[in-house]
>>> print(open('model.tsv').read())   # TSV, C-alpha atoms
chain	number	residue	atom	x	y	z
A	1	MET	CA	-54.64	-134.89	198.15
A	2	ASN	CA	-57.53	-135.29	195.74
A	3	MET	CA	-58.53	-131.61	195.69
A	4	ASP	CA	-62.29	-132.11	195.33
A	5	ARG	CA	-62.55	-134.31	198.44
A	6	ASN	CA	-64.55	-132.91	201.32
A	7	ILE	CA	-62.77	-131.63	204.39
A	8	TYR	CA	-64.59	-132.40	207.62
A	9	LEU	CA	-63.72	-130.41	210.73
A	10	VAL	CA	-64.67	-132.25	213.90
A	11	GLY	CA	-63.98	-131.57	217.55
A	12	PHE	CA	-65.58	-130.15	220.64
A	13	MET	CA	-67.62	-126.95	220.62
A	14	GLY	CA	-65.47	-123.84	220.78
A	15	THR	CA	-62.44	-125.36	219.06
A	16	GLY	CA	-62.96	-123.18	215.97
A	17	LYS	CA	-64.69	-125.49	213.51
A	18	THR	CA	-67.00	-122.82	212.10
A	19	THR	CA	-64.58	-119.88	212.18
A	20	VAL	CA	-61.70	-121.90	210.74
A	21	GLY	CA	-64.01	-123.73	208.32
A	22	LYS	CA	-65.26	-120.51	206.72
A	23	LEU	CA	-61.72	-119.19	206.26
A	24	LEU	CA	-60.47	-122.55	204.98
A	25	ALA	CA	-63.28	-122.77	202.43
A	26	VAL	CA	-62.37	-119.35	201.04
A	27	SER	CA	-58.68	-120.25	200.98
A	28	LEU	CA	-59.28	-123.56	199.17
A	29	LYS	CA	-62.11	-122.23	196.96
A	30	LYS	CA	-64.59	-124.73	198.38
A	31	LYS	CA	-68.13	-124.29	199.64
A	32	PHE	CA	-68.58	-124.05	203.44
A	33	LEU	CA	-71.34	-125.98	205.17
A	34	GLU	CA	-72.28	-125.83	208.84
A	35	MET	CA	-73.85	-129.15	209.80
A	36	ASP	CA	-75.79	-127.76	212.77
A	37	GLU	CA	-77.38	-125.13	210.49
A	38	ALA	CA	-78.41	-127.88	208.06
A	39	ILE	CA	-80.00	-129.78	210.96
A	40	GLU	CA	-81.87	-126.65	212.11
A	41	GLN	CA	-83.15	-126.02	208.59
A	42	ARG	CA	-84.28	-129.63	208.23
A	43	ASP	CA	-86.09	-129.74	211.57
A	44	GLY	CA	-87.32	-126.14	211.63
A	45	ARG	CA	-86.03	-125.65	215.16
A	46	SER	CA	-82.82	-124.51	216.84
A	47	ILE	CA	-80.41	-127.15	218.12
A	48	ALA	CA	-81.31	-126.07	221.68
A	49	ASP	CA	-85.03	-126.58	220.95
A	50	ILE	CA	-84.38	-129.98	219.34
A	51	PHE	CA	-82.42	-131.11	222.42
A	52	SER	CA	-85.01	-129.81	224.91
A	53	GLY	CA	-88.04	-130.95	222.91
A	54	LYS	CA	-86.96	-134.26	221.40
A	55	GLY	CA	-83.73	-135.18	223.18
A	56	GLU	CA	-80.20	-136.01	222.12
A	57	ALA	CA	-81.03	-139.39	220.52
A	58	TYR	CA	-83.46	-137.70	218.10
A	59	PHE	CA	-80.84	-135.04	217.31
A	60	ARG	CA	-78.19	-137.70	216.62
A	61	LYS	CA	-80.51	-139.48	214.18
A	62	ILE	CA	-81.08	-136.28	212.17
A	63	GLU	CA	-77.36	-135.56	212.35
A	64	LYS	CA	-76.57	-138.97	210.82
A	65	ASP	CA	-79.16	-138.50	208.05
A	66	ILE	CA	-77.74	-135.06	207.19
A	67	LEU	CA	-74.18	-136.42	207.21
A	68	LYS	CA	-75.16	-139.18	204.79
A	69	GLU	CA	-76.61	-136.56	202.43
A	70	ILE	CA	-73.68	-134.14	202.76
A	71	SER	CA	-71.18	-136.93	202.11
A	72	GLN	CA	-72.67	-137.47	198.64
A	73	ASN	CA	-71.29	-134.06	197.65
A	74	LYS	CA	-67.74	-133.03	196.84
A	75	ASN	CA	-65.59	-129.95	197.28
A	76	LEU	CA	-67.02	-128.95	200.67
A	77	VAL	CA	-65.53	-127.78	203.94
A	78	VAL	CA	-67.93	-129.04	206.60
A	79	SER	CA	-68.07	-127.93	210.22
A	80	CYS	CA	-69.48	-130.99	211.99
A	81	GLY	CA	-71.25	-131.08	215.32
A	82	GLY	CA	-69.06	-131.82	218.33
A	83	GLY	CA	-70.51	-135.27	218.95
A	84	VAL	CA	-70.65	-136.57	215.37
A	85	VAL	CA	-67.59	-138.81	215.86
A	86	MET	CA	-69.17	-140.67	218.77
A	87	ASP	CA	-70.97	-142.84	216.22
A	88	LYS	CA	-68.66	-145.30	214.42
A	89	GLU	CA	-70.78	-145.26	211.26
A	90	ASN	CA	-70.48	-141.45	211.14
A	91	LEU	CA	-66.71	-141.65	211.52
A	92	ASP	CA	-66.54	-144.23	208.73
A	93	ILE	CA	-68.58	-141.94	206.44
A	94	LEU	CA	-66.32	-138.98	207.24
A	95	ASN	CA	-63.13	-140.92	206.55
A	96	ARG	CA	-64.45	-142.60	203.43
A	97	THR	CA	-65.73	-139.43	201.76
A	98	GLY	CA	-63.16	-136.84	202.78
A	99	VAL	CA	-60.31	-135.78	204.99
A	100	THR	CA	-61.28	-135.57	208.67
A	101	ILE	CA	-59.41	-133.13	210.90
A	102	CYS	CA	-60.07	-132.88	214.63
A	103	LEU	CA	-59.64	-129.41	216.14
A	104	GLN	CA	-58.80	-129.49	219.83
A	105	ALA	CA	-58.38	-127.06	222.74
A	106	GLY	CA	-58.27	-127.27	226.53
A	107	ALA	CA	-61.36	-126.93	228.71
A	108	GLU	CA	-60.41	-123.46	230.01
A	109	ILE	CA	-59.88	-122.10	226.50
A	110	ILE	CA	-63.13	-123.64	225.28
A	111	TYR	CA	-65.04	-122.20	228.22
A	112	GLY	CA	-63.54	-118.77	227.54
A	113	ARG	CA	-64.70	-118.97	223.93
A	114	VAL	CA	-68.28	-120.19	224.56
A	115	ARG	CA	-69.23	-118.86	228.00
A	116	ASN	CA	-71.32	-115.98	226.64
A	117	GLU	CA	-73.17	-118.02	224.03
A	118	LYS	CA	-76.73	-118.99	224.89
A	119	MET	CA	-77.22	-121.54	222.09
A	120	ARG	CA	-75.13	-124.32	223.65
A	121	PRO	CA	-77.71	-126.80	225.01
A	122	LEU	CA	-75.13	-129.09	226.60
A	123	LEU	CA	-73.86	-126.19	228.72
A	124	ASN	CA	-77.18	-125.10	230.21
A	125	VAL	CA	-76.01	-126.34	233.62
A	126	SER	CA	-74.87	-124.73	236.88
A	127	ASP	CA	-71.13	-125.34	236.27
A	128	PRO	CA	-70.48	-125.13	232.50
A	129	GLN	CA	-66.69	-125.48	232.77
A	130	ALA	CA	-67.03	-128.71	234.76
A	131	LYS	CA	-69.51	-129.94	232.12
A	132	ILE	CA	-66.99	-129.11	229.37
A	133	GLU	CA	-64.30	-131.10	231.22
A	134	GLU	CA	-66.70	-134.02	231.69
A	135	LEU	CA	-67.74	-134.06	228.02
A	136	LEU	CA	-64.15	-133.69	226.80
A	137	THR	CA	-63.15	-136.72	228.89
A	138	LEU	CA	-66.11	-138.69	227.53
A	139	ARG	CA	-65.40	-137.77	223.90
A	140	GLU	CA	-61.60	-137.93	223.95
A	141	PRO	CA	-61.43	-141.63	222.94
A	142	PHE	CA	-63.59	-140.80	219.91
A	143	TYR	CA	-61.56	-137.73	218.96
A	144	ARG	CA	-58.38	-139.80	219.25
A	145	GLN	CA	-59.69	-142.06	216.46
A	146	VAL	CA	-59.28	-139.13	214.05
A	147	ARG	CA	-55.79	-139.42	212.61
A	148	LEU	CA	-55.27	-135.71	211.87
A	149	ARG	CA	-55.55	-133.56	215.00
A	150	LEU	CA	-54.66	-129.93	215.54
A	151	ASP	CA	-54.58	-127.90	218.77
A	152	THR	CA	-56.27	-124.53	218.18
A	153	GLY	CA	-55.87	-123.29	221.75
A	154	ARG	CA	-53.00	-120.88	221.20
A	155	SER	CA	-53.39	-120.17	217.47
A	156	SER	CA	-55.38	-117.58	215.57
A	157	PRO	CA	-57.95	-118.87	213.05
A	158	SER	CA	-55.68	-117.83	210.17
A	159	GLN	CA	-52.75	-119.73	211.70
A	160	VAL	CA	-54.95	-122.83	211.98
A	161	VAL	CA	-55.97	-122.46	208.31
A	162	GLU	CA	-52.28	-122.25	207.33
A	163	GLU	CA	-51.51	-125.39	209.33
A	164	ILE	CA	-54.44	-127.31	207.82
A	165	THR	CA	-53.37	-126.25	204.31
A	166	ARG	CA	-49.87	-127.55	205.04
A	167	ILE	CA	-51.28	-130.83	206.40
A	168	LEU	CA	-53.53	-131.27	203.35
A	169	ALA	CA	-50.56	-130.94	201.02
A	170	ASP	CA	-49.12	-134.09	202.64
A	171	VAL	CA	-52.34	-136.16	202.68
>>> encode(input="model.tsv", output="structure tokens")
Amino acid sequence: MNMDRNIYLVGFMGTGKTTVGKLLAVSLKKKFLEMDEAIEQRDGRSIADIFSGKGEAYFRKIEKDILKEISQNKNLVVSCGGGVVMDKENLDILNRTGVTICLQAGAEIIYGRVRNEKMRPLLNVSDPQAKIEELLTLREPFYRQVRLRLDTGRSSPSQVVEEITRILADV
């Protein structure tokens, strides 16, 4: 692998993109970037406030703009928002400017990881686990378009980093 290429971690919320991304960046001596944080800094509001105040379409537009800017850089590990791959242009940018890896886990595991977090706007519903299952089903065809996929459900973050490092050696 070209070692200065970006590594983009995509996948549903709660699959470990941020936790694994930070560890991976240290391991590979790259800079870590959290896309949702970049969006919050740009807009001056939390993701939850952006969703409730301006809606998902507005959020997705900012997300695409930020991705275009990030993709101009090199040597990053980027934790992308869970829905970034639902836009074909975004997926093209990811694949053209780096190595895209989709982290996956089952709905029960995801719910267990995120159930106590208040900053998940898509889960502010009466049955969050059912919403997770619904969104996973909706997004699965998009996640399947990512060639490199890794199940994080039964692995520790450090085990996932080891597996990604092994995969990157073969890319």
>>> atom_distance(input="model.tsv", atom1="CA of Tyr143 in chain A", atom2="CA of Gln41 in chain A")
26.7 Å
>>> closest_residue(input="model.tsv", among="A:Leu148, A:Leu135, A:Val160, A:Ile39", to="Gly82 in chain A", atoms="all atoms listed in the file")
A:Leu135
>>> axis_aligned_box(input="model.tsv", around="range 34-48 of chain A", padding_each_side="5 Å", output="JSON")
{"center_x": -79.8, "center_y": -127.1, "center_z": 214.9, "size_x": 25.0, "size_y": 15.3, "size_z": 23.6}
>>> closest_residue(input="model.tsv", among="A:Asn124, A:Gln159, A:Thr152, A:Asn95", to="Ala48 in chain A", atoms="only C-alpha atoms")
A:Asn124
>>> atom_distance(input="model.tsv", atom1="CA of Thr19 in chain A", atom2="CA of Arg96 in chain A")
24.3 Å
>>> residues_around(input="model.tsv", residues="range 101-116 of chain A", least_positions_apart="2", cutoff="9 Å", atoms="all atoms listed in the file", output="count of residues only")
33
>>> closest_residue(input="model.tsv", among="A:Arg166, A:Lys88, A:Arg5, A:Lys54", to="Lys31 in chain A", atoms="all atoms listed in the file")
A:Arg5
>>> closest_residue(input="model.tsv", among="A:Asp4, A:Glu89, A:Glu34, A:Glu117", to="Lys61 in chain A", atoms="all atoms listed in the file")
A:Glu89
>>> decode(input="model.tsv", residues="range 36-70 of chain A", atoms="N, CA and C atoms", output="short mmCIF file (atom, residue, chain, number, x, y, z; two decimals), in the first residue's frame")
data_model
loop_
_atom_site.label_atom_id
_atom_site.label_comp_id
_atom_site.auth_asym_id
_atom_site.auth_seq_id
_atom_site.Cartn_x
_atom_site.Cartn_y
_atom_site.Cartn_z
N ASP A 36 -17.40 13.86 11.91
CA ASP A 36 -18.52 14.53 12.58
C ASP A 36 -18.04 15.74 13.38
N GLU A 37 -16.86 15.64 14.00
CA GLU A 37 -16.31 16.79 14.73
C GLU A 37 -16.00 17.94 13.76
N ALA A 38 -15.47 17.61 12.59
CA ALA A 38 -15.18 18.65 11.59
C ALA A 38 -16.47 19.33 11.14
N ILE A 39 -17.54 18.56 11.01
CA ILE A 39 -18.84 19.13 10.62
C ILE A 39 -19.36 20.04 11.72
N GLU A 40 -19.24 19.61 12.99
CA GLU A 40 -19.69 20.44 14.11
C GLU A 40 -18.91 21.74 14.19
N GLN A 41 -17.59 21.66 13.97
CA GLN A 41 -16.78 22.88 14.00
C GLN A 41 -17.19 23.82 12.87
N ARG A 42 -17.41 23.28 11.69
CA ARG A 42 -17.78 24.10 10.54
C ARG A 42 -19.11 24.80 10.77
N ASP A 43 -20.09 24.06 11.29
CA ASP A 43 -21.44 24.60 11.43
C ASP A 43 -21.67 25.33 12.75
N GLY A 44 -20.80 25.06 13.74
CA GLY A 44 -20.97 25.70 15.04
C GLY A 44 -22.07 25.10 15.88
N ARG A 45 -22.54 23.93 15.49
CA ARG A 45 -23.60 23.24 16.24
C ARG A 45 -23.27 21.75 16.33
N SER A 46 -23.90 21.08 17.30
CA SER A 46 -23.73 19.63 17.41
C SER A 46 -24.46 18.95 16.25
N ILE A 47 -24.08 17.72 15.97
CA ILE A 47 -24.76 16.95 14.93
C ILE A 47 -26.26 16.87 15.25
N ALA A 48 -26.58 16.61 16.52
CA ALA A 48 -27.99 16.52 16.93
C ALA A 48 -28.73 17.82 16.62
N ASP A 49 -28.09 18.96 16.91
CA ASP A 49 -28.73 20.26 16.64
C ASP A 49 -28.86 20.53 15.14
N ILE A 50 -27.87 20.10 14.36
CA ILE A 50 -27.95 20.26 12.91
C ILE A 50 -29.14 19.46 12.37
N PHE A 51 -29.26 18.20 12.81
CA PHE A 51 -30.36 17.35 12.36
C PHE A 51 -31.71 17.95 12.74
N SER A 52 -31.84 18.38 14.03
CA SER A 52 -33.15 18.87 14.48
C SER A 52 -33.46 20.25 13.89
N GLY A 53 -32.43 21.07 13.69
CA GLY A 53 -32.67 22.43 13.20
C GLY A 53 -32.74 22.56 11.70
N LYS A 54 -31.91 21.81 10.98
CA LYS A 54 -31.80 21.98 9.53
C LYS A 54 -32.15 20.73 8.74
N GLY A 55 -32.18 19.59 9.41
CA GLY A 55 -32.56 18.34 8.74
C GLY A 55 -31.38 17.57 8.18
N GLU A 56 -31.67 16.32 7.80
CA GLU A 56 -30.62 15.42 7.33
C GLU A 56 -30.03 15.86 5.99
N ALA A 57 -30.86 16.39 5.08
CA ALA A 57 -30.34 16.80 3.76
C ALA A 57 -29.28 17.89 3.91
N TYR A 58 -29.52 18.85 4.79
CA TYR A 58 -28.54 19.91 5.06
C TYR A 58 -27.25 19.32 5.61
N PHE A 59 -27.40 18.39 6.58
CA PHE A 59 -26.24 17.72 7.17
C PHE A 59 -25.44 17.00 6.09
N ARG A 60 -26.11 16.28 5.20
CA ARG A 60 -25.42 15.51 4.16
C ARG A 60 -24.65 16.43 3.21
N LYS A 61 -25.17 17.63 2.97
CA LYS A 61 -24.46 18.57 2.09
C LYS A 61 -23.16 19.03 2.75
N ILE A 62 -23.22 19.39 4.03
CA ILE A 62 -22.00 19.78 4.76
C ILE A 62 -21.02 18.61 4.79
N GLU A 63 -21.56 17.42 5.05
CA GLU A 63 -20.72 16.22 5.11
C GLU A 63 -19.94 16.04 3.80
N LYS A 64 -20.62 16.22 2.67
CA LYS A 64 -19.96 16.07 1.37
C LYS A 64 -18.89 17.14 1.17
N ASP A 65 -19.20 18.37 1.55
CA ASP A 65 -18.21 19.47 1.42
C ASP A 65 -16.96 19.17 2.26
N ILE A 66 -17.17 18.72 3.49
CA ILE A 66 -16.05 18.40 4.39
C ILE A 66 -15.24 17.24 3.81
N LEU A 67 -15.92 16.22 3.29
CA LEU A 67 -15.22 15.08 2.71
C LEU A 67 -14.34 15.52 1.54
N LYS A 68 -14.88 16.39 0.70
CA LYS A 68 -14.08 16.88 -0.43
C LYS A 68 -12.81 17.58 0.06
N GLU A 69 -12.93 18.35 1.12
CA GLU A 69 -11.76 19.05 1.67
C GLU A 69 -10.77 18.07 2.30
N ILE A 70 -11.29 17.15 3.12
CA ILE A 70 -10.43 16.17 3.79
C ILE A 70 -9.66 15.35 2.76
#
